[in-house]
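Just data35.cif here, mmCIF, C-alpha atoms:
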```
data_work
loop_
_atom_site.group_PDB
_atom_site.id
_atom_site.type_symbol
_atom_site.label_atom_id
_atom_site.label_comp_id
_atom_site.auth_asym_id
_atom_site.auth_seq_id
_atom_site.Cartn_x
_atom_site.Cartn_y
_atom_site.Cartn_z
ATOM 1 C CA MET A 1 0.000 0.000 0.000
ATOM 2 C CA LEU A 2 1.114 3.502 -0.797
ATOM 3 C CA VAL A 3 3.172 5.429 1.729
ATOM 4 C CA ALA A 4 1.568 8.813 1.199
ATOM 5 C CA SER A 5 3.764 11.821 0.750
ATOM 6 C CA ILE A 6 1.940 15.051 1.442
ATOM 7 C CA ALA A 7 3.772 17.894 -0.205
ATOM 8 C CA THR A 8 4.103 21.330 1.334
ATOM 9 C CA MET A 9 1.901 23.658 -0.675
ATOM 10 C CA SER A 10 2.670 27.250 -1.519
ATOM 11 C CA ALA A 11 0.336 29.845 -0.090
ATOM 12 C CA ASP A 12 -1.114 30.750 -3.507
ATOM 13 C CA LEU A 13 -4.358 28.867 -2.909
ATOM 14 C CA ALA A 14 -4.629 30.400 0.576
ATOM 15 C CA TYR A 15 -5.968 27.410 2.448
ATOM 16 C CA SER A 16 -6.281 29.531 5.580
ATOM 17 C CA SER A 17 -9.049 31.524 3.872
ATOM 18 C CA ALA A 18 -12.510 30.310 2.930
ATOM 19 C CA GLY A 19 -13.743 29.084 -0.408
ATOM 20 C CA ALA A 20 -17.291 29.409 -1.742
ATOM 21 C CA LEU A 21 -18.564 26.417 0.252
ATOM 22 C CA THR A 22 -16.563 27.028 3.443
ATOM 23 C CA GLU A 23 -17.165 30.765 3.958
ATOM 24 C CA LEU A 24 -18.835 31.695 7.248
ATOM 25 C CA ALA A 25 -18.942 35.476 6.811
ATOM 26 C CA SER A 26 -22.575 35.271 5.702
ATOM 27 C CA ILE A 27 -23.952 33.545 8.799
ATOM 28 C CA SER A 28 -26.378 35.273 11.160
ATOM 29 C CA PRO A 29 -25.288 36.991 14.400
ATOM 30 C CA ALA A 30 -26.797 34.108 16.394
ATOM 31 C CA ALA A 31 -24.806 31.550 14.429
ATOM 32 C CA LEU A 32 -21.675 33.672 14.682
ATOM 33 C CA ALA A 33 -22.047 33.759 18.466
ATOM 34 C CA GLY A 34 -22.169 29.965 18.473
ATOM 35 C CA LEU A 35 -18.649 29.830 17.055
ATOM 36 C CA ALA A 36 -17.041 32.069 19.668
ATOM 37 C CA GLN A 37 -15.825 29.363 22.035
ATOM 38 C CA LEU A 38 -14.744 26.760 19.526
ATOM 39 C CA ALA A 39 -11.186 25.552 20.003
ATOM 40 C CA ALA A 40 -8.302 27.314 18.294
ATOM 41 C CA ASP A 41 -6.168 24.196 17.903
ATOM 42 C CA PRO A 42 -6.997 21.856 15.001
ATOM 43 C CA VAL A 43 -7.272 18.559 16.855
ATOM 44 C CA THR A 44 -9.596 19.833 19.577
ATOM 45 C CA LEU A 45 -11.659 21.638 16.964
ATOM 46 C CA CYS A 46 -12.118 18.401 15.006
ATOM 47 C CA GLN A 47 -13.081 16.604 18.209
ATOM 48 C CA GLN A 48 -15.789 19.212 18.756
ATOM 49 C CA VAL A 49 -17.038 18.906 15.177
ATOM 50 C CA SER A 50 -17.250 15.120 15.520
ATOM 51 C CA GLY A 51 -20.227 15.720 17.829
ATOM 52 C CA LEU A 52 -22.059 18.100 15.476
ATOM 53 C CA VAL A 53 -22.848 15.774 12.533
ATOM 54 C CA ILE A 54 -24.785 12.511 12.417
ATOM 55 C CA GLN A 55 -24.892 10.005 9.566
ATOM 56 C CA PRO A 56 -28.361 9.423 8.030
ATOM 57 C CA HIS A 57 -28.649 5.810 9.245
ATOM 58 C CA ASP A 58 -27.704 6.887 12.773
ATOM 59 C CA ALA A 59 -30.170 9.759 12.559
ATOM 60 C CA VAL A 60 -33.002 7.366 11.732
ATOM 61 C CA ALA A 61 -32.009 5.137 14.653
ATOM 62 C CA ALA A 62 -31.965 8.180 16.963
ATOM 63 C CA GLY A 63 -35.484 9.182 15.975
ATOM 64 C CA VAL A 64 -34.609 12.209 13.860
ATOM 65 C CA ASP A 65 -37.583 13.253 11.735
ATOM 66 C CA ALA A 66 -37.424 11.877 8.193
ATOM 67 C CA ASP A 67 -37.957 15.336 6.731
ATOM 68 C CA ARG A 68 -34.528 16.321 8.073
ATOM 69 C CA LEU A 69 -32.647 13.618 6.156
ATOM 70 C CA PRO A 70 -32.176 15.885 3.078
ATOM 71 C CA GLU A 71 -29.731 17.910 5.193
ATOM 72 C CA LYS A 72 -27.156 15.456 3.823
ATOM 73 C CA ASP A 73 -27.545 17.206 0.456
ATOM 74 C CA ILE A 74 -26.473 20.605 1.796
ATOM 75 C CA ARG A 75 -23.188 21.888 0.387
ATOM 76 C CA PRO A 76 -22.371 25.234 2.109
ATOM 77 C CA ALA A 77 -20.861 25.058 5.587
ATOM 78 C CA ALA A 78 -22.624 28.315 6.471
ATOM 79 C CA LEU A 79 -26.021 26.638 6.101
ATOM 80 C CA LEU A 80 -24.871 23.682 8.194
ATOM 81 C CA VAL A 81 -23.955 26.091 10.995
ATOM 82 C CA GLU A 82 -27.296 27.891 10.703
ATOM 83 C CA ILE A 83 -29.151 24.580 11.015
ATOM 84 C CA LEU A 84 -27.134 23.578 14.069
ATOM 85 C CA VAL A 85 -27.925 26.832 15.852
ATOM 86 C CA ALA A 86 -31.597 26.619 14.877
ATOM 87 C CA LEU A 87 -31.789 23.091 16.312
ATOM 88 C CA ASP A 88 -30.036 24.092 19.527
ATOM 89 C CA PRO A 89 -28.865 27.653 20.311
ATOM 90 C CA ALA A 90 -26.131 26.338 22.640
ATOM 91 C CA PRO A 91 -22.551 27.191 21.577
ATOM 92 C CA LEU A 92 -21.120 24.691 19.127
ATOM 93 C CA HIS A 93 -18.205 23.677 21.343
ATOM 94 C CA LEU A 94 -20.628 21.948 23.713
ATOM 95 C CA ALA A 95 -21.577 18.306 23.260
ATOM 96 C CA ARG A 96 -25.104 17.932 21.927
ATOM 97 C CA PRO A 97 -27.558 15.019 21.666
ATOM 98 C CA ALA A 98 -28.008 13.156 18.410
ATOM 99 C CA ARG A 99 -31.308 14.825 17.561
ATOM 100 C CA THR A 100 -29.757 18.298 17.468
ATOM 101 C CA ARG A 101 -26.854 17.379 15.193
ATOM 102 C CA VAL A 102 -26.995 18.138 11.501
ATOM 103 C CA VAL A 103 -27.571 15.115 9.255
ATOM 104 C CA GLY A 104 -24.636 14.555 6.947
ATOM 105 C CA THR A 105 -21.987 12.238 5.573
ATOM 106 C CA CYS A 106 -18.233 11.961 6.019
ATOM 107 C CA ARG A 107 -18.008 14.901 3.621
ATOM 108 C CA HIS A 108 -19.956 17.083 6.069
ATOM 109 C CA PHE A 109 -17.675 16.150 8.977
ATOM 110 C CA ALA A 110 -14.717 17.127 6.798
ATOM 111 C CA VAL A 111 -16.140 20.307 5.276
ATOM 112 C CA LEU A 112 -17.433 21.655 8.575
ATOM 113 C CA SER A 113 -14.010 21.000 10.147
ATOM 114 C CA CYS A 114 -12.307 22.674 7.204
ATOM 115 C CA ALA A 115 -14.602 25.717 7.314
ATOM 116 C CA LEU A 116 -14.109 26.225 11.039
ATOM 117 C CA MET A 117 -10.331 25.866 10.767
ATOM 118 C CA ARG A 118 -10.245 28.457 8.003
ATOM 119 C CA TYR A 119 -12.480 30.668 10.138
ATOM 120 C CA ARG A 120 -9.761 30.390 12.800
ATOM 121 C CA GLY A 121 -7.077 31.243 10.230
ATOM 122 C CA ILE A 122 -5.694 27.699 10.100
ATOM 123 C CA ALA A 123 -4.611 26.371 6.696
ATOM 124 C CA ALA A 124 -6.885 23.399 6.025
ATOM 125 C CA ARG A 125 -8.283 21.477 3.083
ATOM 126 C CA ALA A 126 -10.761 18.642 2.607
ATOM 127 C CA ARG A 127 -9.582 15.490 0.820
ATOM 128 C CA CYS A 128 -11.752 13.009 -1.063
ATOM 129 C CA GLY A 129 -10.650 9.417 -1.395
ATOM 130 C CA PHE A 130 -10.837 6.039 0.305
ATOM 131 C CA ALA A 131 -10.346 4.781 3.852
ATOM 132 C CA THR A 132 -8.844 1.334 4.369
ATOM 133 C CA TYR A 133 -9.739 1.088 8.067
ATOM 134 C CA PHE A 134 -13.514 0.673 8.066
ATOM 135 C CA LYS A 135 -13.502 -2.847 6.624
ATOM 136 C CA ALA A 136 -10.466 -5.061 6.143
ATOM 137 C CA GLY A 137 -9.435 -5.498 2.528
ATOM 138 C CA LEU A 138 -11.564 -2.630 1.211
ATOM 139 C CA GLY A 139 -10.913 0.985 0.347
ATOM 140 C CA LEU A 140 -14.200 2.716 1.126
ATOM 141 C CA ASP A 141 -15.374 6.071 -0.203
ATOM 142 C CA HIS A 142 -14.519 8.675 2.421
ATOM 143 C CA TRP A 143 -13.594 12.302 3.144
ATOM 144 C CA ILE A 144 -11.100 13.611 5.696
ATOM 145 C CA ILE A 145 -9.246 16.893 6.212
ATOM 146 C CA GLU A 146 -5.653 18.047 6.333
ATOM 147 C CA TYR A 147 -4.274 20.954 8.288
ATOM 148 C CA ARG A 148 -0.819 22.457 8.084
ATOM 149 C CA ASP A 149 1.160 21.869 11.259
ATOM 150 C CA ARG A 150 3.699 24.656 11.342
ATOM 151 C CA ASP A 151 5.080 23.449 14.684
ATOM 152 C CA GLY A 152 6.273 20.116 13.301
ATOM 153 C CA ASP A 153 9.086 19.162 10.939
ATOM 154 C CA GLY A 154 11.178 22.163 11.882
ATOM 155 C CA GLY A 155 8.432 24.572 10.889
ATOM 156 C CA SER A 156 8.270 23.299 7.301
ATOM 157 C CA GLY A 157 4.533 22.898 7.482
ATOM 158 C CA ARG A 158 3.679 19.186 7.344
ATOM 159 C CA TRP A 159 0.124 18.522 6.254
ATOM 160 C CA VAL A 160 -1.507 16.392 8.963
ATOM 161 C CA ARG A 161 -4.446 14.221 8.000
ATOM 162 C CA VAL A 162 -7.360 14.072 10.444
ATOM 163 C CA ASP A 163 -10.483 11.937 10.244
ATOM 164 C CA THR A 164 -13.056 13.977 12.145
ATOM 165 C CA GLU A 165 -15.787 11.363 11.832
ATOM 166 C CA ALA A 166 -13.494 8.613 13.126
ATOM 167 C CA MET A 167 -12.872 10.632 16.297
ATOM 168 C CA GLY A 168 -16.283 9.441 17.419
ATOM 169 C CA LEU A 169 -15.624 5.823 16.428
ATOM 170 C CA SER A 170 -13.183 3.025 17.288
ATOM 171 C CA VAL A 171 -11.921 2.227 13.786
ATOM 172 C CA LEU A 172 -8.591 4.044 13.943
ATOM 173 C CA ASP A 173 -6.041 4.333 16.737
ATOM 174 C CA HIS A 174 -5.019 7.891 15.895
ATOM 175 C CA PRO A 175 -7.651 9.688 13.854
ATOM 176 C CA GLU A 176 -5.944 12.966 14.783
ATOM 177 C CA ASP A 177 -2.922 11.952 12.672
ATOM 178 C CA VAL A 178 -3.994 9.363 10.102
ATOM 179 C CA PRO A 179 -0.980 7.186 9.262
ATOM 180 C CA PRO A 180 0.362 6.996 5.699
ATOM 181 C CA GLY A 181 -1.545 4.552 3.543
ATOM 182 C CA ALA A 182 -4.573 4.293 5.832
ATOM 183 C CA PHE A 183 -6.395 6.874 3.744
ATOM 184 C CA LEU A 184 -5.730 7.294 0.035
ATOM 185 C CA THR A 185 -6.896 10.348 -1.856
ATOM 186 C CA GLY A 186 -8.624 9.619 -5.128
ATOM 187 C CA GLY A 187 -5.428 10.423 -7.013
ATOM 188 C CA GLU A 188 -3.297 8.248 -4.747
ATOM 189 C CA ALA A 189 -5.710 5.330 -5.191
ATOM 190 C CA TRP A 190 -5.667 5.868 -8.965
ATOM 191 C CA SER A 191 -1.865 5.759 -9.089
ATOM 192 C CA GLU A 192 -1.860 2.583 -7.008
ATOM 193 C CA TYR A 193 -4.417 1.003 -9.332
ATOM 194 C CA ARG A 194 -2.568 2.003 -12.505
ATOM 195 C CA SER A 195 0.675 0.568 -11.142
ATOM 196 C CA GLY A 196 -1.041 -2.720 -10.285
ATOM 197 C CA ARG A 197 -0.561 -2.422 -6.538
ATOM 198 C CA VAL A 198 -4.280 -2.432 -5.674
ATOM 199 C CA ASP A 199 -7.353 -4.139 -7.066
ATOM 200 C CA ALA A 200 -9.868 -1.477 -8.148
ATOM 201 C CA ALA A 201 -12.680 -3.935 -7.429
ATOM 202 C CA THR A 202 -11.980 -3.402 -3.712
ATOM 203 C CA PHE A 203 -12.450 0.382 -3.895
ATOM 204 C CA GLY A 204 -15.923 1.866 -3.760
ATOM 205 C CA VAL A 205 -18.999 2.842 -1.775
ATOM 206 C CA TYR A 206 -19.925 0.713 1.229
ATOM 207 C CA GLY A 207 -23.314 -0.974 1.055
ATOM 208 C CA THR A 208 -23.572 -0.614 -2.726
ATOM 209 C CA GLU A 209 -22.347 -2.361 -5.855
ATOM 210 C CA ASN A 210 -20.439 0.783 -6.818
ATOM 211 C CA PHE A 211 -16.859 -0.504 -6.839
ATOM 212 C CA GLY A 212 -14.140 -0.361 -9.469
ATOM 213 C CA PRO A 213 -12.019 2.038 -11.509
ATOM 214 C CA ALA A 214 -14.872 4.476 -12.152
ATOM 215 C CA GLU A 215 -15.271 5.088 -8.399
ATOM 216 C CA ILE A 216 -11.571 5.881 -8.152
ATOM 217 C CA ARG A 217 -11.746 8.210 -11.157
ATOM 218 C CA GLY A 218 -14.677 10.078 -9.634
ATOM 219 C CA ASN A 219 -12.970 10.621 -6.306
ATOM 220 C CA ALA A 220 -9.731 11.704 -7.988
ATOM 221 C CA ILE A 221 -11.626 14.479 -9.768
ATOM 222 C CA ARG A 222 -13.540 15.433 -6.619
ATOM 223 C CA ASP A 223 -10.228 15.646 -4.778
ATOM 224 C CA LEU A 224 -8.813 17.970 -7.446
ATOM 225 C CA ALA A 225 -11.850 20.193 -6.915
ATOM 226 C CA ALA A 226 -11.350 20.094 -3.130
ATOM 227 C CA LEU A 227 -7.720 21.175 -3.576
ATOM 228 C CA ASN A 228 -9.177 24.167 -5.396
ATOM 229 C CA LYS A 229 -11.430 24.835 -2.384
ATOM 230 C CA VAL A 230 -14.587 23.480 -4.029
ATOM 231 C CA GLU A 231 -15.824 20.677 -1.783
ATOM 232 C CA THR A 232 -18.639 18.929 -3.657
ATOM 233 C CA LEU A 233 -21.099 16.364 -2.372
ATOM 234 C CA PRO A 234 -19.868 12.753 -2.647
ATOM 235 C CA TRP A 235 -22.416 12.010 -5.374
ATOM 236 C CA ASP A 236 -22.030 15.191 -7.430
ATOM 237 C CA GLU A 237 -21.073 14.426 -11.037
ATOM 238 C CA TRP A 238 -19.775 16.649 -13.822
ATOM 239 C CA GLY A 239 -17.627 16.469 -16.931
ATOM 240 C CA ARG A 240 -17.254 12.879 -18.095
ATOM 241 C CA MET A 241 -17.921 11.276 -14.718
ATOM 242 C CA ALA A 242 -21.299 9.874 -15.764
ATOM 243 C CA ASP A 243 -19.769 8.330 -18.879
ATOM 244 C CA SER A 244 -17.027 6.814 -16.738
ATOM 245 C CA TYR A 245 -19.564 5.258 -14.378
ATOM 246 C CA ARG A 246 -21.325 3.761 -17.410
ATOM 247 C CA GLY A 247 -18.046 2.342 -18.741
ATOM 248 C CA GLN A 248 -18.070 4.660 -21.744
ATOM 249 C CA THR A 249 -14.634 6.255 -21.397
ATOM 250 C CA GLY A 250 -11.379 4.900 -22.773
ATOM 251 C CA PRO A 251 -7.597 5.207 -22.578
ATOM 252 C CA GLU A 252 -7.560 8.939 -23.279
ATOM 253 C CA TYR A 253 -9.670 9.622 -20.188
ATOM 254 C CA ASP A 254 -7.465 7.348 -18.099
ATOM 255 C CA GLU A 255 -4.450 9.347 -19.257
ATOM 256 C CA LEU A 256 -6.196 12.507 -18.086
ATOM 257 C CA LEU A 257 -6.717 10.833 -14.709
ATOM 258 C CA ASP A 258 -3.001 10.013 -14.628
ATOM 259 C CA GLU A 259 -2.370 13.743 -14.955
ATOM 260 C CA VAL A 260 -4.915 14.532 -12.238
ATOM 261 C CA ALA A 261 -3.211 12.056 -9.893
ATOM 262 C CA THR A 262 0.250 13.475 -10.596
ATOM 263 C CA VAL A 263 -0.824 17.086 -10.087
ATOM 264 C CA CYS A 264 -2.720 16.325 -6.880
ATOM 265 C CA ALA A 265 0.287 14.412 -5.528
ATOM 266 C CA SER A 266 2.619 17.337 -6.132
ATOM 267 C CA ALA A 267 -0.008 19.812 -4.910
ATOM 268 C CA ALA A 268 1.835 22.655 -6.649
ATOM 269 C CA ALA A 269 -0.622 25.526 -6.477
ATOM 270 C CA ALA A 270 -0.216 26.797 -10.037
ATOM 271 C CA GLU A 271 -0.556 23.301 -11.520
ATOM 272 C CA VAL A 272 -3.547 22.449 -9.334
ATOM 273 C CA ALA A 273 -5.342 25.638 -10.396
ATOM 274 C CA SER A 274 -4.386 25.301 -14.062
ATOM 275 C CA LEU A 275 -5.562 21.708 -14.395
ATOM 276 C CA TYR A 276 -8.809 22.473 -12.584
ATOM 277 C CA SER A 277 -9.531 25.298 -15.032
ATOM 278 C CA ARG A 278 -10.256 22.777 -17.803
ATOM 279 C CA ASP A 279 -13.966 22.659 -18.589
ATOM 280 C CA GLU A 280 -14.296 18.894 -18.090
ATOM 281 C CA LEU A 281 -12.694 19.050 -14.631
ATOM 282 C CA ARG A 282 -14.082 22.308 -13.246
ATOM 283 C CA VAL A 283 -17.179 22.055 -11.054
ATOM 284 C CA PRO A 284 -20.154 23.774 -12.733
ATOM 285 C CA MET A 285 -21.635 26.734 -10.898
ATOM 286 C CA GLU A 286 -24.924 24.958 -10.206
ATOM 287 C CA LEU A 287 -23.030 22.565 -7.908
ATOM 288 C CA ILE A 288 -21.397 25.390 -5.941
ATOM 289 C CA ARG A 289 -24.376 26.454 -3.883
#
```
Take the structure I supplied and represent it as structure tokens, if you would.
Amino acid sequence: MLVASIATMSADLAYSSAGALTELASISPAALAGLAQLAADPVTLCQQVSGLVIQPHDAVAAGVDADRLPEKDIRPAALLVEILVALDPAPLHLARPARTRVVGTCRHFAVLSCALMRYRGIAARARCGFATYFKAGLGLDHWIIEYRDRDGDGGSGRWVRVDTEAMGLSVLDHPEDVPPGAFLTGGEAWSEYRSGRVDAATFGVYGTENFGPAEIRGNAIRDLAALNKVETLPWDEWGRMADSYRGQTGPEYDELLDEVATVCASAAAAEVASLYSRDELRVPMELIR
């Protein structure tokens, strides 16, 4: 399995500032007040966020009204915060019962963590890929975050991977510093597949038949978007994704994915932005709301 190398990124993409889906400047005064006592350090902040989101199946088990389940389709972090405060006006650093958490997926744990870190001026970015620690032998569709730890590695700014959702589970010994290879970004999984080191049939969405190269392609493109501070929903599709899922793309598209994987691995700001500017890779405006 890949030993992930997370490159130090230049400040050009300004990961300490918000993107369209992570901005919190538009939230109401009541919601803004709820953020005041959130932690300033990344790990504690993620621990607090782990108690703000609930997966749909857990929400049903907890008796959350069915009409709230579409919260999982919400993209902007600002709206997630507004919902949390409307459900319970208590400050967001306080633990809250399941029924007053926002319904969401791993993406919502990650994006809310990312938005709140950026609100605190911490360089952070969401990553889309696959976790190998939920079920042995499988790489399952998942989102985590990275923050830049300027105190480690002699101040060089190591990107530390954190699984906010896993902080409330027992699947990983150190979700505050995910070890190399435990989580693969979409691009990392694609490179492993293309080199023959993993079986694409073991990578996909838990509880579905959606496994294989197309799932890896999709997450590689979503991860490129996330590196450009556009954190889509896990099921958002654009460009040639739908054709890929139908098995209607060929070698030329796979070569494009090779380029996506290489650029995301280097994480060089200019290359990340330039590649994302291509029409078939850029997220359409209707998915950025």
Shell around region 274-277 of chain A at 12 Å using all atoms listed in the file, local window under 5 positions removed, as a CSV table (one decimal) with C-alpha atoms, in the coordinates of the input:
```
chain,number,residue,atom,x,y,z
A,13,LEU,CA,-4.4,28.9,-2.9
A,220,ALA,CA,-9.7,11.7,-8.0
A,221,ILE,CA,-11.6,14.5,-9.8
A,222,ARG,CA,-13.5,15.4,-6.6
A,223,ASP,CA,-10.2,15.6,-4.8
A,224,LEU,CA,-8.8,18.0,-7.4
A,225,ALA,CA,-11.8,20.2,-6.9
A,226,ALA,CA,-11.4,20.1,-3.1
A,227,LEU,CA,-7.7,21.2,-3.6
A,228,ASN,CA,-9.2,24.2,-5.4
A,229,LYS,CA,-11.4,24.8,-2.4
A,230,VAL,CA,-14.6,23.5,-4.0
A,239,GLY,CA,-17.6,16.5,-16.9
A,256,LEU,CA,-6.2,12.5,-18.1
A,257,LEU,CA,-6.7,10.8,-14.7
A,258,ASP,CA,-3.0,10.0,-14.6
A,259,GLU,CA,-2.4,13.7,-15.0
A,260,VAL,CA,-4.9,14.5,-12.2
A,261,ALA,CA,-3.2,12.1,-9.9
A,262,THR,CA,0.2,13.5,-10.6
A,263,VAL,CA,-0.8,17.1,-10.1
A,264,CYS,CA,-2.7,16.3,-6.9
A,267,ALA,CA,0.0,19.8,-4.9
A,268,ALA,CA,1.8,22.7,-6.6
A,269,ALA,CA,-0.6,25.5,-6.5
A,282,ARG,CA,-14.1,22.3,-13.2
A,283,VAL,CA,-17.2,22.1,-11.1
A,284,PRO,CA,-20.2,23.8,-12.7
```
Result set, the PyMOL selection byres ((chain A and resi 76) around 12) on current file, as a VMD selection string: chain A and resid 18 to 27 71 to 75 77 to 83 104 107 to 108 111 to 112 114 to 115 229 to 233 287 to 289
I'd like the contact shell of Gln55 (chain A) - 9 Å cut-off, all atoms listed in the file, skipping same-chain residues fewer than 2 positions apart - returned as number ranges by chain. A: 53, 57-60, 72, 102-106
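You will find CA of Ser50 (chain A) at 23.4 Å from CA of Gly204 (chain A).
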Can you tell me, as a count of residues only, what residues are no more than 8 Å from Ala110 (chain A) when counting only C-alpha atoms, ignoring any on the same chain fewer than 3 positions away? 11
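For the pair CA of Ser266 (chain A) and CA of Tyr147 (chain A), the interatomic distance is 16.4 Å.
As for CA of Glu255 (chain A) and CA of Val272 (chain A), they are spaced 16.5 Å apart.
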For the file shown, what are the residues hit by the PyMOL selection byres ((chain A and resi 178-193) around 6), laid out as a PDB file with C-alpha atoms, in the frame of the given file?
```pdb
ATOM      1  CA  MET A   1       0.000   0.000   0.000  1.00  0.00           C
ATOM      2  CA  LEU A   2       1.114   3.502  -0.797  1.00  0.00           C
ATOM      3  CA  VAL A   3       3.172   5.429   1.729  1.00  0.00           C
ATOM      4  CA  ALA A   4       1.568   8.813   1.199  1.00  0.00           C
ATOM      5  CA  CYS A 128     -11.752  13.009  -1.063  1.00  0.00           C
ATOM      6  CA  GLY A 129     -10.650   9.417  -1.395  1.00  0.00           C
ATOM      7  CA  PHE A 130     -10.837   6.039   0.305  1.00  0.00           C
ATOM      8  CA  ALA A 131     -10.346   4.781   3.852  1.00  0.00           C
ATOM      9  CA  THR A 132      -8.844   1.334   4.369  1.00  0.00           C
ATOM     10  CA  ARG A 161      -4.446  14.221   8.000  1.00  0.00           C
ATOM     11  CA  VAL A 162      -7.360  14.072  10.444  1.00  0.00           C
ATOM     12  CA  PRO A 175      -7.651   9.688  13.854  1.00  0.00           C
ATOM     13  CA  ASP A 177      -2.922  11.952  12.672  1.00  0.00           C
ATOM     14  CA  ARG A 194      -2.568   2.003 -12.505  1.00  0.00           C
ATOM     15  CA  SER A 195       0.675   0.568 -11.142  1.00  0.00           C
ATOM     16  CA  GLY A 196      -1.041  -2.720 -10.285  1.00  0.00           C
ATOM     17  CA  ARG A 197      -0.561  -2.422  -6.538  1.00  0.00           C
ATOM     18  CA  VAL A 198      -4.280  -2.432  -5.674  1.00  0.00           C
ATOM     19  CA  ILE A 216     -11.571   5.881  -8.152  1.00  0.00           C
ATOM     20  CA  ASN A 219     -12.970  10.621  -6.306  1.00  0.00           C
ATOM     21  CA  ALA A 220      -9.731  11.704  -7.988  1.00  0.00           C
ATOM     22  CA  ALA A 261      -3.211  12.056  -9.893  1.00  0.00           C
TER      23      ALA A 261
END
```
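The residues caught by the PyMOL selection byres ((chain A and resi 118) around 8) in this file are Tyr15, Ser16, Ser17, Ala18, Thr22, Cys114, Ala115, Leu116, Met117, Tyr119, Arg120, Gly121, Ile122, Ala123 and Ala124 of chain A.
Distances to Asp41 (chain A) were evaluated for A:Arg127, A:Arg68, A:Arg99, A:Arg148 using all atoms listed in the file, and the minimum falls at A:Arg148.
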Using all atoms of region 275-283 of chain A that appear in the file, construct an axis-aligned enclosing box with 6 Å of padding on every side and provide its centre coordinates and edge lengths in Å, rounded to one decimal, as AutoDock Vina command-line options.
```
--center_x -11.4 --center_y 22.1 --center_z -14.8 --size_x 23.6 --size_y 18.4 --size_z 19.5
```
Please identify all polymer residues within 8 Å of region 240-252 of chain A, counting all atoms listed in the file, omitting same-chain residues fewer than 2 positions from it, and present them as a ChimeraX atom specification. /A:214-215,217-218,237-238,254-256,280
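Considering the residues A:Pro56, A:Pro91, A:Gly157, A:Pro70 and counting all atoms listed in the file, Ala39 (chain A) has its shortest atom-to-atom contact with A:Pro91.
Candidate residues A:Leu69, A:Ala30, A:Ala62, A:Leu92 were compared for distance to Leu45 (chain A), and the nearest is A:Leu92, using all atoms listed in the file.
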